[in-house]
$ cat start_39.csv   # CSV, C-alpha atoms
chain,number,residue,atom,x,y,z
N,1,MET,CA,24.0,112.3,-29.9
N,2,ASN,CA,24.9,108.7,-30.5
N,3,GLY,CA,23.1,105.8,-28.8
N,4,VAL,CA,24.4,102.5,-27.5
N,5,VAL,CA,22.5,99.2,-27.1
N,6,HIS,CA,22.1,97.8,-23.6
N,7,ARG,CA,20.9,94.2,-23.2
N,8,ILE,CA,18.8,93.3,-20.2
N,9,ALA,CA,18.5,89.6,-19.4
N,10,ILE,CA,15.1,88.3,-18.5
N,11,PRO,CA,14.2,84.8,-17.2
N,12,ARG,CA,12.8,82.5,-19.9
N,13,GLY,CA,9.0,82.4,-19.7
N,14,ALA,CA,8.7,85.8,-18.1
N,15,ALA,CA,5.6,87.8,-19.1
N,16,LEU,CA,6.7,91.0,-21.0
N,17,ARG,CA,5.3,94.4,-20.1
N,18,VAL,CA,6.9,96.3,-23.0
N,19,GLU,CA,6.9,96.0,-26.8
N,20,VAL,CA,9.4,97.0,-29.5
N,21,GLY,CA,9.3,100.8,-29.9
N,22,ASP,CA,8.3,101.6,-26.4
N,23,LEU,CA,10.1,104.3,-24.5
N,24,VAL,CA,11.2,103.1,-21.1
N,25,LYS,CA,12.5,104.7,-17.9
N,26,PRO,CA,15.1,103.3,-15.5
N,27,ASP,CA,12.5,102.3,-12.8
N,28,GLN,CA,10.0,100.9,-15.3
N,29,LEU,CA,8.7,97.4,-15.0
N,30,LEU,CA,9.8,95.5,-18.2
N,31,ALA,CA,8.6,92.0,-17.3
N,32,VAL,CA,7.4,89.8,-14.5
N,33,ASN,CA,8.6,86.3,-13.7
N,34,ARG,CA,6.9,83.7,-11.5
N,35,ALA,CA,9.4,81.0,-10.7
N,36,PRO,CA,8.0,77.5,-10.7
N,37,GLY,CA,7.8,75.5,-7.4
N,38,HIS,CA,7.8,71.8,-6.7
N,39,ALA,CA,5.9,69.9,-9.3
N,40,VAL,CA,2.5,68.4,-8.7
N,41,THR,CA,1.6,65.0,-10.4
N,42,VAL,CA,-1.8,64.8,-12.1
N,43,ASP,CA,-3.1,61.4,-13.1
N,44,VAL,CA,-4.5,62.2,-16.5
N,45,ALA,CA,-4.9,58.6,-17.8
N,46,GLY,CA,-6.6,57.3,-14.6
N,47,ARG,CA,-9.1,60.2,-14.5
N,48,LEU,CA,-10.0,59.7,-18.1
N,49,GLY,CA,-10.1,55.9,-17.9
N,50,ARG,CA,-7.8,55.6,-20.8
N,51,SER,CA,-4.4,54.1,-21.5
N,52,ALA,CA,-1.4,56.3,-21.1
N,53,ALA,CA,-0.8,56.5,-24.8
N,54,THR,CA,-4.4,57.3,-25.8
N,55,ALA,CA,-4.8,59.8,-22.9
N,56,GLY,CA,-1.8,61.7,-24.3
N,57,GLU,CA,-3.8,62.3,-27.5
N,58,LEU,CA,-6.6,64.0,-25.5
N,59,LEU,CA,-4.4,66.7,-24.1
N,60,GLU,CA,-5.7,70.3,-24.6
N,61,ALA,CA,-2.8,71.9,-22.8
N,62,HIS,CA,0.7,71.3,-23.9
N,63,PRO,CA,4.1,71.4,-22.1
N,64,GLY,CA,5.2,75.0,-21.4
N,65,SER,CA,1.6,76.2,-21.1
N,66,ARG,CA,0.6,78.4,-18.1
N,67,LEU,CA,-2.6,77.2,-16.5
N,68,GLU,CA,-4.9,78.7,-14.0
N,69,ALA,CA,-6.5,76.6,-11.3
N,70,GLY,CA,-9.4,74.8,-13.0
N,71,SER,CA,-8.0,75.1,-16.5
N,72,VAL,CA,-8.5,72.0,-18.7
N,73,ILE,CA,-5.5,69.8,-19.2
N,74,ALA,CA,-7.3,67.0,-21.1
N,75,ARG,CA,-10.8,66.1,-22.2
N,76,SER,CA,-12.3,62.8,-23.5
N,77,PRO,CA,-15.0,62.7,-26.2
N,78,GLN,CA,-17.4,61.4,-23.6
N,79,GLY,CA,-16.9,64.7,-21.6
N,80,ALA,CA,-14.6,63.5,-18.9
N,81,VAL,CA,-12.3,66.4,-17.9
N,82,VAL,CA,-9.0,66.6,-16.1
N,83,SER,CA,-8.4,70.1,-14.7
N,84,ALA,CA,-5.3,71.8,-13.1
N,85,PRO,CA,-5.6,71.5,-9.3
N,86,VAL,CA,-3.5,74.7,-8.9
N,87,ALA,CA,-2.2,77.5,-11.1
N,88,GLY,CA,1.1,76.7,-12.6
N,89,LEU,CA,3.3,75.7,-15.5
N,90,LEU,CA,2.6,72.4,-17.3
N,91,VAL,CA,6.0,70.9,-17.3
N,92,GLY,CA,5.3,67.7,-19.3
N,93,TYR,CA,3.3,64.6,-19.9
N,94,SER,CA,4.6,61.0,-19.5
N,95,PRO,CA,3.3,58.6,-22.1
N,96,SER,CA,4.7,55.7,-20.0
N,97,ASP,CA,2.5,56.2,-16.9
N,98,GLY,CA,-0.1,58.7,-18.1
N,99,THR,CA,0.7,61.5,-15.6
N,100,ALA,CA,1.3,65.2,-16.2
N,101,LEU,CA,3.6,67.4,-14.1
N,102,LEU,CA,2.3,70.8,-13.1
N,103,ALA,CA,4.7,73.2,-11.4
N,104,PRO,CA,2.9,75.8,-9.2
N,105,LEU,CA,4.1,79.4,-9.9
N,106,GLY,CA,5.5,81.5,-7.0
N,107,GLU,CA,5.0,85.2,-6.4
N,108,GLU,CA,5.6,87.6,-9.3
N,109,LEU,CA,9.2,88.9,-9.4
N,110,PRO,CA,9.7,92.2,-11.3
N,111,VAL,CA,12.4,92.7,-14.0
N,112,ILE,CA,13.6,96.4,-13.9
N,113,GLY,CA,16.0,97.5,-16.6
N,114,HIS,CA,17.6,100.5,-14.8
N,115,VAL,CA,18.1,102.2,-18.2
N,116,SER,CA,16.3,105.0,-20.1
N,117,GLY,CA,15.8,104.6,-23.8
N,118,ARG,CA,13.7,102.8,-26.5
N,119,VAL,CA,13.1,99.1,-26.8
N,120,LEU,CA,14.9,98.0,-30.0
N,121,ALA,CA,14.3,94.2,-29.9
N,122,VAL,CA,12.8,91.5,-27.7
N,123,HIS,CA,14.6,88.1,-27.7
N,124,ASP,CA,14.0,84.8,-26.0
N,125,GLY,CA,15.7,85.7,-22.7
N,126,ALA,CA,16.7,89.3,-23.3
N,127,ILE,CA,15.4,92.8,-24.1
N,128,ASP,CA,17.6,95.3,-26.1
N,129,VAL,CA,17.2,99.0,-25.2
N,130,GLU,CA,18.8,101.8,-27.2
N,131,VAL,CA,20.3,104.2,-24.6
N,132,ARG,CA,20.7,107.8,-25.7
N,133,GLY,CA,23.8,109.2,-24.0
N,134,ALA,CA,27.4,108.3,-23.2
N,135,GLN,CA,28.7,104.9,-22.1
N,136,LEU,CA,31.9,104.4,-20.1
N,137,VAL,CA,33.3,100.9,-19.6
N,138,GLY,CA,35.3,100.5,-16.5
N,139,VAL,CA,38.0,98.0,-15.4
N,140,GLY,CA,36.0,96.5,-12.5
N,141,GLY,CA,32.9,96.7,-10.4
N,142,THR,CA,30.6,95.0,-7.9
N,143,GLY,CA,27.0,95.1,-6.8
N,144,GLU,CA,23.7,95.5,-8.5
N,145,ALA,CA,22.3,97.7,-11.4
N,146,VAL,CA,21.2,101.1,-10.0
N,147,HIS,CA,20.3,104.5,-11.3
N,148,GLY,CA,20.2,108.0,-9.9
N,149,GLU,CA,21.3,111.6,-10.3
N,150,LEU,CA,25.0,112.1,-10.9
N,151,VAL,CA,26.8,114.0,-8.1
N,152,VAL,CA,30.5,114.8,-8.0
N,153,ALA,CA,31.5,114.4,-4.4
N,154,VAL,CA,35.2,115.4,-4.4
N,155,HIS,CA,37.0,118.5,-5.5
N,156,ASP,CA,39.9,117.1,-7.6
N,157,PRO,CA,40.5,113.8,-9.4
N,158,GLY,CA,43.1,112.5,-7.0
N,159,GLU,CA,41.1,113.2,-3.8
N,160,GLU,CA,39.8,110.3,-1.6
N,161,LEU,CA,36.0,110.1,-1.2
N,162,ARG,CA,35.6,110.3,2.6
N,163,ALA,CA,32.7,109.2,4.8
N,164,ALA,CA,32.2,112.8,6.1
N,165,ALA,CA,31.2,113.8,2.5
N,166,ILE,CA,28.2,111.5,2.6
N,167,ASP,CA,25.0,112.7,4.2
N,168,VAL,CA,21.2,112.4,3.7
N,169,GLY,CA,21.4,114.6,0.6
N,170,ALA,CA,23.3,111.8,-1.1
N,171,THR,CA,20.4,109.3,-0.8
N,172,GLY,CA,19.4,107.9,-4.1
N,173,LYS,CA,22.4,109.5,-5.9
N,174,ILE,CA,25.3,108.2,-7.9
N,175,LEU,CA,28.4,109.7,-6.4
N,176,VAL,CA,31.6,110.3,-8.3
N,177,GLY,CA,34.6,109.9,-6.0
N,178,GLY,CA,38.3,110.3,-6.7
N,179,SER,CA,41.3,107.9,-6.2
N,180,ARG,CA,39.7,105.6,-3.5
N,181,ALA,CA,37.1,105.1,-0.9
N,182,SER,CA,37.6,103.3,2.4
N,183,ALA,CA,35.5,100.4,3.6
N,184,GLU,CA,34.0,102.9,6.2
N,185,THR,CA,33.0,105.2,3.4
N,186,LEU,CA,31.4,102.5,1.3
N,187,THR,CA,29.5,101.1,4.3
N,188,ARG,CA,28.3,104.6,5.2
N,189,ALA,CA,27.2,105.3,1.6
N,190,ARG,CA,25.1,102.1,1.5
N,191,ALA,CA,23.6,102.8,4.9
N,192,MET,CA,22.7,106.3,3.8
N,193,GLY,CA,20.8,105.0,0.8
N,194,VAL,CA,23.4,106.0,-1.9
N,195,ALA,CA,22.5,104.2,-5.1
N,196,GLY,CA,26.1,103.8,-6.3
N,197,ILE,CA,29.6,105.1,-6.5
N,198,VAL,CA,32.0,105.6,-9.4
N,199,LEU,CA,35.7,105.7,-8.5
N,200,GLY,CA,39.1,105.8,-10.2
N,201,GLY,CA,40.2,102.9,-8.1
N,202,VAL,CA,39.9,101.1,-4.8
N,203,LEU,CA,42.4,99.4,-2.5
N,204,ASP,CA,42.0,95.6,-2.4
N,205,LYS,CA,41.9,95.5,1.4
N,206,GLU,CA,39.2,98.2,1.6
N,207,LEU,CA,37.0,96.4,-0.9
N,208,ARG,CA,37.4,93.0,0.9
N,209,ASP,CA,36.5,94.6,4.2
N,210,PHE,CA,33.4,96.2,2.7
N,211,GLU,CA,32.3,92.9,1.1
N,212,ALA,CA,32.8,91.1,4.4
N,213,ILE,CA,30.6,93.7,6.2
N,214,GLN,CA,27.9,93.3,3.6
N,215,ARG,CA,27.9,89.5,3.9
N,216,ARG,CA,27.5,89.7,7.7
N,217,ARG,CA,24.6,92.1,7.3
N,218,ARG,CA,22.9,89.9,4.7
N,219,GLU,CA,23.2,86.9,7.0
N,220,ILE,CA,21.2,88.8,9.7
N,221,GLY,CA,18.8,90.4,7.2
N,222,GLY,CA,20.2,93.9,7.7
N,223,LEU,CA,20.5,95.0,4.1
N,224,ALA,CA,17.8,96.7,2.1
N,225,GLY,CA,18.0,98.3,-1.4
N,226,SER,CA,20.6,97.9,-4.1
N,227,PHE,CA,24.1,99.4,-4.3
N,228,GLY,CA,26.6,99.4,-7.2
N,229,LEU,CA,30.3,100.3,-7.5
N,230,VAL,CA,32.3,100.8,-10.7
N,231,LEU,CA,36.0,101.4,-11.1
N,232,LEU,CA,37.0,103.3,-14.2
N,233,GLU,CA,40.8,103.7,-14.0
N,234,GLY,CA,42.6,100.9,-12.2
N,235,PHE,CA,43.1,98.8,-9.1
N,236,GLY,CA,44.5,100.4,-6.1
N,237,LYS,CA,44.6,104.1,-5.2
N,238,VAL,CA,44.1,105.5,-8.7
N,239,GLY,CA,42.9,109.0,-9.5
N,240,PHE,CA,40.7,110.0,-12.4
N,241,ASP,CA,42.2,111.3,-15.6
N,242,PRO,CA,41.7,115.1,-15.2
N,243,GLN,CA,39.9,115.4,-18.5
N,244,LEU,CA,37.5,112.6,-17.5
N,245,PHE,CA,36.9,114.2,-14.1
N,246,ASP,CA,36.1,117.5,-15.8
N,247,TRP,CA,33.7,115.7,-18.0
N,248,PHE,CA,31.9,114.3,-15.0
N,249,ARG,CA,31.8,117.8,-13.5
N,250,ARG,CA,30.1,119.2,-16.6
N,251,HIS,CA,27.4,116.5,-16.4
N,252,ALA,CA,26.7,116.7,-12.7
N,253,GLY,CA,22.9,116.6,-12.2
N,254,HIS,CA,22.3,114.3,-15.2
N,255,LEU,CA,20.6,111.0,-14.7
N,256,ALA,CA,23.0,108.1,-14.7
N,257,SER,CA,22.8,104.3,-14.5
N,258,ILE,CA,25.6,102.0,-13.4
N,259,PHE,CA,26.0,98.2,-13.7
N,260,GLY,CA,28.6,97.1,-11.2
N,261,ALA,CA,28.9,93.5,-12.4
N,262,GLN,CA,29.2,94.7,-16.0
N,263,HIS,CA,31.6,97.6,-15.2
N,264,ARG,CA,29.4,100.0,-17.1
N,265,VAL,CA,28.2,103.6,-16.6
N,266,TYR,CA,25.6,105.4,-18.7
N,267,VAL,CA,25.1,109.1,-18.4
N,268,TYR,CA,22.0,110.4,-20.2
N,269,ASP,CA,21.9,113.4,-22.5
N,270,ALA,CA,25.7,113.6,-22.3
N,271,ALA,CA,28.4,114.5,-24.8
N,272,ALA,CA,31.0,111.8,-25.6
N,273,PRO,CA,33.6,111.3,-22.9
N,274,PRO,CA,37.3,112.0,-23.6
N,275,ARG,CA,39.0,109.5,-25.8
N,276,ARG,CA,41.2,107.1,-23.8
N,277,THR,CA,44.8,106.0,-24.6
N,278,PRO,CA,44.7,102.5,-26.2
N,279,GLN,CA,45.7,99.7,-23.9
N,280,PRO,CA,49.2,98.3,-24.3
N,281,ALA,CA,49.7,95.4,-26.7
N,282,VAL,CA,51.9,92.3,-26.5
N,283,GLY,CA,55.5,93.3,-27.1
N,284,ASP,CA,55.1,96.9,-25.7
N,285,ARG,CA,57.4,98.2,-23.1
N,286,VAL,CA,55.2,99.0,-20.1
N,287,ILE,CA,55.4,100.5,-16.7
N,288,ALA,CA,53.2,99.5,-13.8
N,289,HIS,CA,51.4,102.2,-11.8
N,290,ARG,CA,50.1,100.3,-8.8
N,291,ARG,CA,51.5,98.2,-6.0
N,292,PRO,CA,53.2,95.7,-5.7
N,293,PHE,CA,55.0,96.6,-8.9
N,294,GLN,CA,54.6,100.4,-8.9
N,295,GLY,CA,57.2,102.2,-10.9
N,296,ARG,CA,58.7,99.0,-12.4
N,297,GLY,CA,59.2,98.6,-16.1
N,298,GLY,CA,59.2,95.6,-18.3
N,299,VAL,CA,57.8,94.0,-21.5
N,300,LEU,CA,54.2,92.8,-21.9
N,301,VAL,CA,54.6,89.2,-23.1
N,302,ALA,CA,50.9,88.0,-23.1
N,303,VAL,CA,47.4,89.1,-22.4
N,304,LEU,CA,45.5,86.3,-20.7
N,305,ASP,CA,42.3,85.1,-22.5
N,306,ASP,CA,40.0,84.7,-19.6
N,307,LEU,CA,39.0,87.1,-16.8
N,308,HIS,CA,41.0,86.7,-13.6
N,309,ALA,CA,40.4,87.8,-10.0
N,310,THR,CA,42.5,90.5,-8.4
N,311,PRO,CA,43.3,90.2,-4.7
N,312,SER,CA,40.1,92.2,-4.0
N,313,GLY,CA,38.0,89.6,-5.7
N,314,LEU,CA,37.1,91.7,-8.7
N,315,VAL,CA,37.6,90.1,-12.1
N,316,THR,CA,39.4,91.9,-14.9
N,317,ARG,CA,41.7,91.3,-17.9
N,318,MET,CA,45.2,90.4,-16.8
N,319,ALA,CA,48.6,90.6,-18.6
N,320,LEU,CA,51.8,88.8,-18.0
N,321,VAL,CA,54.8,91.2,-17.7
N,322,ARG,CA,58.5,90.3,-17.7
N,323,PHE,CA,60.0,92.9,-15.5
N,324,GLU,CA,63.5,94.2,-15.9
N,325,ASP,CA,64.7,92.0,-13.0
N,326,GLY,CA,63.6,88.9,-14.9
N,327,ARG,CA,60.5,88.3,-12.8
N,328,LEU,CA,57.4,87.2,-14.8
N,329,ALA,CA,54.2,88.3,-13.0
N,330,PRO,CA,50.4,88.8,-13.7
N,331,VAL,CA,49.3,92.4,-13.6
N,332,PRO,CA,45.8,93.9,-14.2
N,333,LEU,CA,45.9,95.3,-17.8
N,334,ALA,CA,44.3,98.5,-16.5
N,335,ASN,CA,47.3,99.2,-14.2
N,336,LEU,CA,49.8,99.2,-17.1
N,337,GLU,CA,50.8,102.0,-19.4
N,338,SER,CA,52.7,101.6,-22.6
N,339,THR,CA,56.0,103.6,-22.8
N,340,ALA,CA,57.1,102.4,-26.2
N,341,ARG,CA,55.4,100.3,-28.9
N,342,ALA,CA,57.2,97.1,-30.1
N,343,SER,CA,57.8,98.7,-33.5
N,344,GLU,CA,59.6,101.7,-31.8
N,345,ARG,CA,62.2,99.6,-30.0

$ encode --input "start_39.csv" --output "structure tokens"
Amino acid sequence: MNGVVHRIAIPRGAALRVEVGDLVKPDQLLAVNRAPGHAVTVDVAGRLGRSAATAGELLEAHPGSRLEAGSVIARSPQGAVVSAPVAGLLVGYSPSDGTALLAPLGEELPVIGHVSGRVLAVHDGAIDVEVRGAQLVGVGGTGEAVHGELVVAVHDPGEELRAAAIDVGATGKILVGGSRASAETLTRARAMGVAGIVLGGVLDKELRDFEAIQRRRREIGGLAGSFGLVLLEGFGKVGFDPQLFDWFRRHAGHLASIFGAQHRVYVYDAAAPPRRTPQPAVGDRVIAHRRPFQGRGGVLVAVLDDLHATPSGLVTRMALVRFEDGRLAPVPLANLESTARASER
């Protein structure tokens, strides 16, 4: 079984709780971070009775150091001591006025990786974890990183995931739906404690309505826990490829992690997913499968370099297609299928 490397961003200065070679679980604490607060000015030169320049030579703590309350910042040969008034991060020392800046540290914030695997490397600002299992890269997604048991919640790849299919038994699970899920379904899933949902596609309006509901609940403090959504096939009402749907069925009950913002799904202890048809290339004749150009054919004339937002607000790769009626329009690359390569025309 092949492994893939997943990179977890950590704030600079975070205190690590793992080392290279450690085996980690999805809910394991990897690091803790204490964000600095408003800086406190400490008069080092004045307390030592020295000039700003000479006081700088007596520093025992250097910028970037974490200090506990009472830790020594500077000490003179005569025994005069300047101590940190509070625990914090020594931001810097000013040789012009002889003061040091100390930023108090806030409460500890945990860094959870949401993946299972082995720590391969620790970088300045990131941890690399080798994940043993299958990786699927979707075309869009939203929400946080989450993990849970994989549950297939529909009977066929083109079926809609409905609110009635979600009950207390779905709490903490990652649900695999079909061609779409309404805003009502997504809202119910989050309210029931579902960790995340994997869909073939979702309608722009439904996703916008769901996001609007989430914003209103955040404003009144009504949201708790994390929730992620990944789209694997396209934008709009898009069913799963039957082979991929069967693959999910065979791996129901496996642990899975999804990263909504990164459009990624990991399924642990899983066989490789079905190979996908390569995306169309510039010059190919293509057909669009979703509204507003559903069923129309044309030629792919360019693939845009940067990610662009769809009407739902999700960002994805976009292509410019010149349709047979002469219209040039941007279309999500995931919603196009090549009908003939340029070399075949």

$ closest_residue --input "start_39.csv" --among "N:Ile287, N:Ile197, N:Leu304, N:Ala181" --to "N:Lys237" --atoms "only C-alpha atoms"
N:Ala181

$ closest_residue --input "start_39.csv" --among "N:Val82, N:Ala103, N:Val321, N:Leu231" --to "N:Arg285" --atoms "all atoms listed in the file"
N:Val321

$ atom_distance --input "start_39.csv" --atom1 "atom CA of N:Gly3" --atom2 "atom CA of N:Gly148"
19.2 Å

$ closest_residue --input "start_39.csv" --among "N:Val5, N:Ala53, N:Gly239, N:Pro330" --to "N:His308" --atoms "all atoms listed in the file"
N:Pro330

$ atom_distance --input "start_39.csv" --atom1 "atom CA of N:Phe259" --atom2 "atom CA of N:Leu199"
13.3 Å

$ residues_around --input "start_39.csv" --residues "stretch 211-214 of chain N" --least-positions-apart "5" --cutoff "10 Å" --atoms "only C-alpha atoms" --output "JSON, numbers by chain"
{"N": [142, 143, 183, 184, 186, 187, 190, 205, 206, 219, 222, 223, 312, 313]}

$ decode --input "start_39.csv" --residues "stretch 8-32 of chain N" --atoms "N, CA and C atoms" --output "tab-separated table (two decimals), in the first residue's frame"
chain	number	residue	atom	x	y	z
N	8	ILE	N	1.16	19.68	7.28
N	8	ILE	CA	0.32	20.37	8.26
N	8	ILE	C	1.01	21.67	8.65
N	9	ALA	N	0.38	22.78	8.39
N	9	ALA	CA	0.96	24.08	8.75
N	9	ALA	C	0.88	24.28	10.25
N	10	ILE	N	1.95	24.79	10.83
N	10	ILE	CA	1.96	25.13	12.25
N	10	ILE	C	2.46	26.56	12.39
N	11	PRO	N	1.93	27.31	13.35
N	11	PRO	CA	2.40	28.69	13.54
N	11	PRO	C	3.87	28.73	13.91
N	12	ARG	N	4.58	29.71	13.42
N	12	ARG	CA	6.00	29.85	13.76
N	12	ARG	C	6.12	30.11	15.26
N	13	GLY	N	7.05	29.41	15.88
N	13	GLY	CA	7.25	29.54	17.31
N	13	GLY	C	6.42	28.57	18.14
N	14	ALA	N	5.58	27.76	17.48
N	14	ALA	CA	4.77	26.80	18.22
N	14	ALA	C	5.68	25.75	18.87
N	15	ALA	N	5.26	25.26	20.03
N	15	ALA	CA	6.02	24.23	20.74
N	15	ALA	C	5.58	22.86	20.25
N	16	LEU	N	6.51	22.10	19.67
N	16	LEU	CA	6.20	20.80	19.10
N	16	LEU	C	5.94	19.77	20.19
N	17	ARG	N	5.07	18.83	19.89
N	17	ARG	CA	4.78	17.72	20.79
N	17	ARG	C	5.10	16.38	20.13
N	18	VAL	N	5.68	16.41	18.92
N	18	VAL	CA	6.04	15.18	18.21
N	18	VAL	C	7.44	15.33	17.65
N	19	GLU	N	8.05	14.19	17.30
N	19	GLU	CA	9.37	14.17	16.68
N	19	GLU	C	9.32	13.32	15.42
N	20	VAL	N	10.35	13.46	14.59
N	20	VAL	CA	10.45	12.64	13.37
N	20	VAL	C	10.45	11.16	13.76
N	21	GLY	N	9.63	10.39	13.06
N	21	GLY	CA	9.51	8.96	13.33
N	21	GLY	C	8.31	8.60	14.18
N	22	ASP	N	7.71	9.57	14.86
N	22	ASP	CA	6.55	9.28	15.71
N	22	ASP	C	5.34	8.87	14.87
N	23	LEU	N	4.58	7.90	15.37
N	23	LEU	CA	3.29	7.56	14.78
N	23	LEU	C	2.23	8.45	15.40
N	24	VAL	N	1.38	9.05	14.56
N	24	VAL	CA	0.38	9.99	15.06
N	24	VAL	C	-1.02	9.54	14.64
N	25	LYS	N	-2.00	9.94	15.43
N	25	LYS	CA	-3.40	9.67	15.15
N	25	LYS	C	-4.11	10.97	14.76
N	26	PRO	N	-5.29	10.85	14.13
N	26	PRO	CA	-5.96	12.08	13.65
N	26	PRO	C	-6.28	13.09	14.73
N	27	ASP	N	-6.59	12.63	15.95
N	27	ASP	CA	-6.97	13.56	17.01
N	27	ASP	C	-5.81	13.92	17.92
N	28	GLN	N	-4.58	13.57	17.53
N	28	GLN	CA	-3.42	13.78	18.38
N	28	GLN	C	-2.95	15.23	18.35
N	29	LEU	N	-2.50	15.70	19.51
N	29	LEU	CA	-1.92	17.04	19.61
N	29	LEU	C	-0.51	17.02	19.04
N	30	LEU	N	-0.26	17.82	18.01
N	30	LEU	CA	1.04	17.86	17.36
N	30	LEU	C	1.90	19.02	17.86
N	31	ALA	N	1.26	20.11	18.24
N	31	ALA	CA	1.99	21.28	18.72
N	31	ALA	C	1.01	22.18	19.46
N	32	VAL	N	1.55	23.08	20.25
N	32	VAL	CA	0.72	24.10	20.89
N	32	VAL	C	1.31	25.46	20.58
